[in-house]
$ cat work_13.txt   # compact mmCIF, C-alpha atoms
# COMPACT_ATOMS: atom_id res chain seq x y z
CA ASP J 9 130.50 70.78 188.07
CA GLU J 10 132.02 73.73 186.19
CA GLU J 11 129.70 73.12 183.24
CA GLY J 12 126.50 73.28 185.29
CA ASN J 13 125.82 69.56 185.61
CA ILE J 14 124.63 68.18 188.95
CA ASN J 15 124.68 64.90 190.87
CA SER J 16 121.44 64.21 192.70
CA ASN J 17 120.98 62.14 195.84
CA ALA J 18 117.30 63.04 196.00
CA SER J 19 114.68 60.34 196.52
CA GLU J 20 111.10 60.48 195.27
CA THR J 21 110.13 58.06 198.05
CA TYR J 22 111.58 60.38 200.68
CA VAL J 23 109.66 63.35 199.30
CA GLU J 24 106.43 61.36 199.12
CA ARG J 25 106.78 60.17 202.74
CA ALA J 26 107.58 63.68 203.94
CA HIS J 27 104.56 65.11 202.14
CA ASN J 28 102.34 62.39 203.60
CA ALA J 29 103.56 63.49 207.04
CA GLY J 30 102.73 67.13 206.27
CA VAL J 31 106.38 68.16 205.90
CA GLU J 32 107.79 70.32 203.10
CA VAL J 33 111.05 69.31 201.42
CA TRP J 34 113.67 71.86 200.44
CA ALA J 35 116.57 70.19 198.64
CA LEU J 36 120.13 71.20 199.54
CA VAL J 37 122.31 72.38 196.65
CA SER J 38 125.90 72.27 197.86
CA ASP J 39 129.38 73.07 196.55
CA VAL J 40 131.06 71.72 199.68
CA GLU J 41 131.39 67.96 199.13
CA ILE J 42 132.89 68.01 195.62
CA PRO J 43 135.57 70.56 194.64
CA VAL J 44 134.36 72.78 191.82
CA ASP J 45 135.75 75.99 190.35
CA ILE J 46 132.76 78.20 191.11
CA ALA J 47 134.31 81.14 189.23
CA LYS J 48 134.38 79.14 185.98
CA LEU J 49 130.75 78.16 186.52
CA LEU J 50 129.17 81.46 187.53
CA THR J 51 130.92 83.82 185.10
CA PHE J 52 129.22 82.26 182.06
CA THR J 53 125.55 82.96 181.36
CA SER J 54 125.21 79.66 179.52
CA LYS J 55 126.63 77.63 182.42
CA ARG J 56 124.44 79.41 184.99
CA GLU J 57 121.43 78.73 182.81
CA LYS J 58 122.33 75.04 182.48
CA LEU J 59 122.69 74.66 186.26
CA ILE J 60 119.40 76.47 186.89
CA ASN J 61 117.57 74.33 184.34
CA GLU J 62 119.05 71.15 185.85
CA LEU J 63 117.91 72.20 189.34
CA LEU J 64 114.42 73.13 188.21
CA ALA J 65 114.04 69.87 186.28
CA GLN J 66 114.90 67.90 189.41
CA ALA J 67 112.63 70.05 191.59
CA ILE J 68 109.67 69.53 189.27
CA LYS J 69 110.34 65.83 188.77
CA LEU J 70 110.60 65.20 192.52
CA ASN J 71 107.75 67.55 193.48
CA LEU J 72 110.05 69.55 195.76
CA ASP J 73 108.71 72.50 197.73
CA GLY J 74 111.96 74.43 197.73
CA LEU J 75 115.67 74.68 197.05
CA ASN J 76 118.32 75.64 199.60
CA ILE J 77 121.51 77.00 198.04
CA ASP J 78 124.61 76.30 200.15
CA PHE J 79 127.53 77.70 198.14
CA GLU J 80 130.41 78.28 200.55
CA GLN J 81 133.33 78.47 198.10
CA ILE J 82 132.52 81.73 196.31
CA PRO J 83 135.70 83.75 195.56
CA SER J 84 135.46 87.41 196.56
CA ALA J 85 135.96 88.45 192.93
CA ASN J 86 132.80 86.56 191.94
CA GLY J 87 130.32 88.00 194.40
CA GLU J 88 128.33 89.77 191.70
CA ASP J 89 128.30 86.63 189.52
CA TYR J 90 126.83 84.74 192.47
CA ILE J 91 124.12 87.36 192.99
CA GLN J 92 123.30 87.25 189.29
CA PHE J 93 122.94 83.47 189.54
CA LEU J 94 120.51 83.91 192.44
CA ARG J 95 118.54 86.53 190.50
CA GLU J 96 118.16 84.22 187.52
CA LEU J 97 117.35 81.20 189.70
CA SER J 98 114.78 83.15 191.72
CA VAL J 99 112.79 83.99 188.59
CA LYS J 100 112.55 80.33 187.58
CA CYS J 101 111.69 79.27 191.15
CA ARG J 102 108.97 81.90 191.47
CA ASN J 103 107.45 80.92 188.14
CA ASN J 104 107.27 77.30 189.31
CA GLY J 105 106.10 77.90 192.89
CA ILE J 106 109.40 76.74 194.42
CA ILE J 107 110.69 78.40 197.61
CA LEU J 108 114.28 79.64 197.36
CA SER J 109 116.51 79.93 200.42
CA VAL J 110 120.23 80.71 200.59
CA ASP J 111 122.75 79.80 203.31
CA ASN J 112 125.21 82.46 204.47
CA TYR J 113 128.08 82.87 206.88
CA VAL J 114 127.49 85.31 209.73
CA PRO J 115 128.13 88.81 208.36
CA THR J 116 131.76 89.94 208.48
CA GLU J 117 133.79 92.44 206.52
CA TYR J 118 135.45 89.67 204.53
CA THR J 119 132.14 88.02 203.52
CA ALA J 120 130.40 91.27 202.53
CA TYR J 121 130.62 90.29 198.86
CA TYR J 122 127.91 87.67 199.50
CA ASN J 123 125.68 90.77 199.50
CA ARG J 124 122.90 89.61 201.81
CA GLU J 125 120.95 92.80 201.19
CA GLU J 126 120.67 92.01 197.48
CA GLN J 127 119.92 88.36 198.27
CA GLY J 128 116.98 89.52 200.37
CA LYS J 129 115.54 91.33 197.36
CA VAL J 130 115.39 88.23 195.17
CA VAL J 131 115.17 85.09 197.38
CA ASP J 132 112.49 84.03 199.84
CA TYR J 133 114.71 83.29 202.83
CA VAL J 134 118.26 84.20 203.87
CA VAL J 135 119.72 81.62 206.26
CA VAL J 136 122.51 82.74 208.62
CA MET J 137 124.74 79.86 209.72
CA ALA J 138 125.36 80.84 213.35
CA TYR J 139 128.14 78.32 213.90
CA ASP J 140 131.82 77.68 213.09
CA GLU J 141 132.79 80.56 215.36
CA HIS J 142 135.83 78.36 215.98
CA TYR J 143 136.56 75.77 213.29
CA ALA J 144 139.18 73.20 212.33
CA GLY J 145 141.64 75.86 211.20
CA SER J 146 141.23 78.18 214.19
CA GLU J 147 144.37 79.30 215.99
CA GLU J 148 142.80 78.85 219.42
CA ALA J 149 140.30 76.51 221.02
CA GLY J 150 136.83 77.89 221.50
CA SER J 151 133.10 77.48 221.14
CA VAL J 152 131.55 76.55 217.82
CA SER J 153 128.58 78.76 218.61
CA SER J 154 128.62 80.99 221.68
CA ILE J 155 125.49 82.99 222.50
CA THR J 156 127.25 86.26 221.64
CA PHE J 157 128.24 84.89 218.24
CA VAL J 158 124.63 83.86 217.60
CA LYS J 159 123.16 87.19 218.71
CA ASP J 160 125.69 89.21 216.71
CA GLY J 161 125.04 87.05 213.64
CA ILE J 162 121.31 87.71 213.93
CA ALA J 163 121.67 91.44 214.59
CA ASN J 164 124.09 92.02 211.74
CA THR J 165 121.99 90.00 209.29
CA LEU J 166 118.92 92.05 210.24
CA LYS J 167 120.79 95.20 209.22
CA GLU J 168 120.61 93.90 205.64
CA VAL J 169 117.62 91.56 205.45
CA PRO J 170 114.01 91.99 206.72
CA LYS J 171 113.33 89.79 209.75
CA GLU J 172 110.47 87.97 208.03
CA GLN J 173 113.02 86.58 205.55
CA VAL J 174 115.71 85.53 208.05
CA ILE J 175 116.23 81.95 209.22
CA VAL J 176 118.87 81.32 211.90
CA ALA J 177 120.81 78.05 211.71
CA ILE J 178 122.25 76.55 214.91
CA PRO J 179 124.60 73.57 215.41
CA PHE J 180 123.82 70.06 216.61
CA TYR J 181 127.58 69.49 216.92
CA THR J 182 130.62 70.77 218.76
CA ARG J 183 134.38 70.40 218.53
CA ILE J 184 136.62 68.56 220.96
CA TRP J 185 140.01 70.26 221.04
CA ALA J 186 143.18 68.31 221.85
CA ILE J 187 146.22 70.35 222.89
CA GLU J 188 149.57 68.60 223.05
CA THR J 189 152.53 70.25 224.78
CA LYS J 190 155.75 69.53 222.88
CA SER J 191 159.30 69.51 224.19
CA GLY J 192 160.46 73.07 224.57
CA GLY J 193 157.05 74.23 225.69
CA THR J 194 155.41 74.65 222.26
CA THR J 195 151.90 73.33 221.75
CA GLU J 196 150.12 71.62 218.89
CA MET J 197 146.33 71.72 218.64
CA THR J 198 143.88 69.61 216.68
CA SER J 199 140.10 69.26 216.83
CA SER J 200 137.35 66.91 215.72
CA ALA J 201 133.63 67.53 215.27
CA TYR J 202 131.28 65.51 217.48
CA GLY J 203 127.50 65.23 217.58
CA MET J 204 125.72 65.99 220.85
CA SER J 205 125.60 62.52 222.43
CA ASN J 206 129.05 61.51 221.23
CA ALA J 207 130.60 64.65 222.72
CA MET J 208 128.84 64.13 226.03
CA ASN J 209 129.90 60.47 226.10
CA PHE J 210 133.49 61.46 225.36
CA VAL J 211 133.50 63.73 228.41
CA LYS J 212 131.94 61.01 230.59
CA ASP J 213 134.37 58.36 229.39
CA HIS J 214 137.26 60.62 230.42
CA GLU J 215 135.55 61.50 233.72
CA GLY J 216 135.59 65.13 232.76
CA GLU J 217 133.80 67.68 234.92
CA LYS J 218 131.50 70.10 233.14
CA THR J 219 130.61 73.56 234.39
CA TRP J 220 128.12 76.09 233.05
CA ASP J 221 129.82 79.01 231.33
CA GLU J 222 127.65 82.13 231.47
CA THR J 223 129.68 83.88 228.77
CA THR J 224 129.08 81.28 226.06
CA GLN J 225 125.84 79.90 227.56
CA GLN J 226 127.28 76.40 227.22
CA TYR J 227 128.67 73.70 229.48
CA TYR J 228 132.47 73.68 229.35
CA SER J 229 134.75 70.79 230.17
CA GLU J 230 138.53 70.50 230.34
CA PHE J 231 140.40 67.28 231.15
CA GLU J 232 143.56 65.34 230.41
CA GLY J 233 143.81 62.18 228.33
CA THR J 234 145.54 60.62 225.36
CA ASN J 235 144.91 61.18 221.67
CA ASP J 236 144.71 58.53 218.93
CA GLU J 237 148.51 58.45 218.77
CA GLY J 238 148.80 57.75 222.48
CA LYS J 239 150.18 61.22 223.26
CA ASP J 240 149.20 63.04 226.46
CA VAL J 241 146.91 65.96 225.63
CA LEU J 242 144.61 68.47 227.28
CA PHE J 243 141.04 68.22 225.95
CA LYS J 244 138.70 71.21 225.84
CA VAL J 245 135.05 71.22 224.75
CA TRP J 246 132.09 73.58 224.78
CA LEU J 247 129.04 71.31 224.74
CA GLU J 248 125.71 71.62 222.95
CA GLU J 249 122.71 70.18 224.80
CA GLU J 250 119.21 71.23 225.93
CA LYS J 251 120.26 74.25 227.99
CA SER J 252 122.58 75.73 225.34
CA ILE J 253 120.03 75.12 222.60
CA GLU J 254 117.36 76.86 224.69
CA ALA J 255 119.60 79.90 225.10
CA LYS J 256 119.95 80.10 221.32
CA MET J 257 116.22 79.55 220.77
CA LYS J 258 115.43 82.40 223.17
CA ALA J 259 117.67 84.72 221.15
CA ILE J 260 116.02 83.63 217.92
CA ASP J 261 112.55 84.05 219.42
CA GLU J 262 113.36 87.53 220.74
CA ALA J 263 114.59 88.58 217.28
CA ASP J 264 111.18 87.57 215.84
CA VAL J 265 112.72 86.12 212.68
CA ALA J 266 111.13 83.70 210.22
CA GLY J 267 112.48 80.48 211.70
CA VAL J 268 115.30 78.22 212.76
CA ALA J 269 117.42 75.64 210.94
CA GLU J 270 119.84 73.07 212.32
CA TRP J 271 123.01 71.35 211.13
CA LYS J 272 122.47 68.54 210.96
CA LEU J 273 119.68 66.03 211.35
CA GLY J 274 120.74 62.77 213.00
CA ILE J 275 123.50 64.00 215.32
CA GLU J 276 121.20 65.67 217.86
CA ASP J 277 119.73 64.38 221.10
CA GLU J 278 116.03 63.79 220.60
CA SER J 279 115.30 65.83 223.71
CA VAL J 280 116.30 69.09 221.99
CA TRP J 281 113.25 68.88 219.72
CA ASP J 282 111.00 69.55 222.72
CA ILE J 283 112.97 72.76 223.29
CA ILE J 284 112.88 73.82 219.65
CA ILE J 285 109.19 73.08 219.16
CA LYS J 286 108.32 75.14 222.23
CA TYR J 287 109.69 78.24 220.54
CA VAL J 288 108.76 77.46 216.94
CA ASN J 289 105.11 76.87 217.81
$ encode --input "work_13.txt" --output "structure tokens"
Amino acid sequence: DEEGNINSNASETYVERAHNAGVEVWALVSDVEIPVDIAKLLTFTSKREKLINELLAQAIKLNLDGLNIDFEQIPSANGEDYIQFLRELSVKCRNNGIILSVDNYVPTEYTAYYNREEQGKVVDYVVVMAYDEHYAGSEEAGSVSSITFVKDGIANTLKEVPKEQVIVAIPFYTRIWAIETKSGGTTEMTSSAYGMSNAMNFVKDHEGEKTWDETTQQYYSEFEGTNDEGKDVLFKVWLEEEKSIEAKMKAIDEADVAGVAEWKLGIEDESVWDIIIKYVN
């Protein structure tokens, strides 16, 4: 919250089982699920310190290997406050042997204040979220993560951060777009996020044909149906599956970066792990 308190969903049992399986645990620290005025939190040294101490106490108590900071609501005016928070947190993490990674949007002019270059100087890993190319608020239907979007995200991040510190995050989800044509010829568009299998099943249930799109390196499908309100709509979807994931993994491998991340565990087809492991190992 704005005072630096945290809610923790972490489980000691989970960490213990992961460690027994030879897997490190980096805990996600997110500002996405619960609205919080980040400006009021980060502009006060005392509040930053309280948050950092809360996080470190949890990390030590749970025997965590790392923390992953996923702050996506930083106002542009508070970019430097955010970097200062990361500086202060990195010192405490380093002193306690805790790995610090930070999630970032793909570099754009309007997210420059996240200052990835400075992040790279103080944190262990900078994660670039190579998805949400098109999102719920987009004005047109499109891919969540086309190959060009992924490659550009990697290339532009590497302009600011050494490759040995860069982790590229790819999606295990897509969006199904529903376009309704209104009277008078206007259109209204909505979209919903679907995991891999659910999206593929949606296409099959509607007897949609899918074709490989070389531009996005994804299977594309377009078909007619009805939405939840019973209205006739045109559905569009750019699918994620083994072939599209392999295209992304090839790009990541060619960039020779530190690793790959995925959003999120549990909505993927198990088969994609064979693809990922081939490149990670």
$ residues_around --input "work_13.txt" --residues "Asn104 of chain J" --least-positions-apart "2" --cutoff "10 Å" --atoms "all atoms listed in the file" --output "mmCIF file with C-alpha atoms, in the coordinates of the input"
data_model
loop_
_atom_site.group_PDB
_atom_site.id
_atom_site.type_symbol
_atom_site.label_atom_id
_atom_site.label_comp_id
_atom_site.auth_asym_id
_atom_site.auth_seq_id
_atom_site.Cartn_x
_atom_site.Cartn_y
_atom_site.Cartn_z
ATOM 1 C CA LEU J 64 114.420 73.130 188.210
ATOM 2 C CA ALA J 67 112.630 70.050 191.590
ATOM 3 C CA ILE J 68 109.670 69.530 189.270
ATOM 4 C CA ASP J 73 108.710 72.500 197.730
ATOM 5 C CA SER J 98 114.780 83.150 191.720
ATOM 6 C CA VAL J 99 112.790 83.990 188.590
ATOM 7 C CA LYS J 100 112.550 80.330 187.580
ATOM 8 C CA CYS J 101 111.690 79.270 191.150
ATOM 9 C CA ARG J 102 108.970 81.900 191.470
ATOM 10 C CA ILE J 106 109.400 76.740 194.420
ATOM 11 C CA ILE J 107 110.690 78.400 197.610
#
$ closest_residue --input "work_13.txt" --among "J:Phe231, J:Tyr181, J:Tyr22, J:Tyr202" --to "Trp271 of chain J" --atoms "all atoms listed in the file"
J:Tyr181
$ residues_near_point --input "work_13.txt" --point "(133.9, 85.6, 196.5)" --cutoff "10 Å" --atoms "all atoms listed in the file" --output "list in words"
Ile46, Ala47, Glu80, Gln81, Ile82, Pro83, Ser84, Ala85, Asn86, Gly87, Glu88, Asp89, Tyr90, Tyr118, Thr119, Ala120, Tyr121 and Tyr122 of chain J
$ atom_distance --input "work_13.txt" --atom1 "atom CA of Ser153 of chain J" --atom2 "atom CA of Pro179 of chain J"
7.3 Å
$ closest_residue --input "work_13.txt" --among "J:Phe180, J:Asp221, J:Ser199, J:Lys58" --to "Ile284 of chain J" --atoms "only C-alpha atoms"
J:Phe180
$ residues_around --input "work_13.txt" --residues "His27 of chain J" --least-positions-apart "4" --cutoff "10 Å" --atoms "all atoms listed in the file" --output "ChimeraX atom specification"
/J:21-23,31-33,71-73
$ closest_residue --input "work_13.txt" --among "J:Leu50, J:Leu247, J:Leu63, J:Val268" --to "Ile175 of chain J" --atoms "all atoms listed in the file"
J:Val268
$ closest_residue --input "work_13.txt" --among "J:Glu215, J:Phe79, J:Asn164, J:Gly193" --to "Val40 of chain J" --atoms "all atoms listed in the file"
J:Phe79
$ atom_distance --input "work_13.txt" --atom1 "atom CA of Asn17 of chain J" --atom2 "atom CA of Asp45 of chain J"
21.0 Å
$ residues_around --input "work_13.txt" --residues "Val136 of chain J" --least-positions-apart "4" --cutoff "8 Å" --atoms "all atoms listed in the file" --output "list of chain:residue names"
J:Asp111, J:Asn112, J:Tyr113, J:Val114, J:Gly161, J:Ile162, J:Thr165, J:Val174, J:Ile175, J:Val176, J:Ala177
$ atom_distance --input "work_13.txt" --atom1 "atom CA of Asp78 of chain J" --atom2 "atom CA of Leu36 of chain J"
6.8 Å
